[in-house]
Amino acid sequence: MGSRHQARERALQILFQYDIHGKPGLWLEEFWKPLKADEETKGFAERVVAGVLEKKKDLDQLIGKYATNWKIGRMPIVDRNILRAGLYELLWMDDVPAKVTLDEAIELAKSFGDDEASKFINGILDKVLATEPRLAAKRADATGARLEGIS
C-alpha cells in the first residue's frame, strides 16, 4: 500500500522542478528511477502534479486573492507549490478530506520550507477553506470532524 504523504513529497519535488525548468524533460524521466515508490504512491503524486499543471492559472489567481501583499512570483518556490498542491486537493480532489489536506500541507512546509512557511501555508489554506464558496461541502465536513473530536 502506498503512502500519500510520500506521494505528496514527490509531487512537491516534481512541481519544484517544473517551476525551474518550465517543461518536462530528461529530469522527469529520471525522477522515479532511484526512488522506491509503488504504483499507488506514484499514481497519487502524478494525479496531483497533472492537476496542478492543468489548473495552475486558476490556482495562482486564488493564491493571489488570499495571499495579501504577496505576488505569486515572489513567493519561495516551495511555498507556492505547497499552496498549489493543497488548493488543488481542496478544490478538485473530493476523496481527500480538508483536514488531511491542511495537515499534510503544513507538514510539507515544516519539512521543506523555512521557519515561517508552515504558518504562511496554514493561514492561506485556512482562509480559502473558510471563505471559498466552492468549498462549502468540505468546510461542513471539516467542521463536523472537529465537533466529533470534542464530544
# chains A, B, ... in the order shown; residues from 1 in each chain; ligands from 1
call {"tool": "residues_around", "arguments": {"residues": "stretch 103-107 of chain A", "least_positions_apart": "4", "cutoff": "7 Å", "atoms": "only C-alpha atoms", "output": "ChimeraX atom specification"}}
result
/A:5,82,86,99,111,118,121-122
call {"tool": "residues_around", "arguments": {"residues": "stretch 56-66 of chain A", "least_positions_apart": "6", "cutoff": "12 Å", "atoms": "only C-alpha atoms", "output": "number ranges by chain"}}
result
A: 15, 18-19, 48-50, 72-75, 79-92, 120-132, 134
call {"tool": "atom_distance", "arguments": {"atom1": "atom CA of A:Lys36", "atom2": "atom CA of A:Lys23"}}
result
24.0 Å
call {"tool": "atom_distance", "arguments": {"atom1": "atom CA of A:Arg8", "atom2": "atom CA of A:Phe44"}}
result
7.8 Å
call {"tool": "select_by_dssp", "arguments": {"residues": "stretch 22-97 of chain A", "states": "alpha helix (DSSP H)", "output": "PyMOL selection string"}}
result
chain A and resi 26-31+39-66+77-92
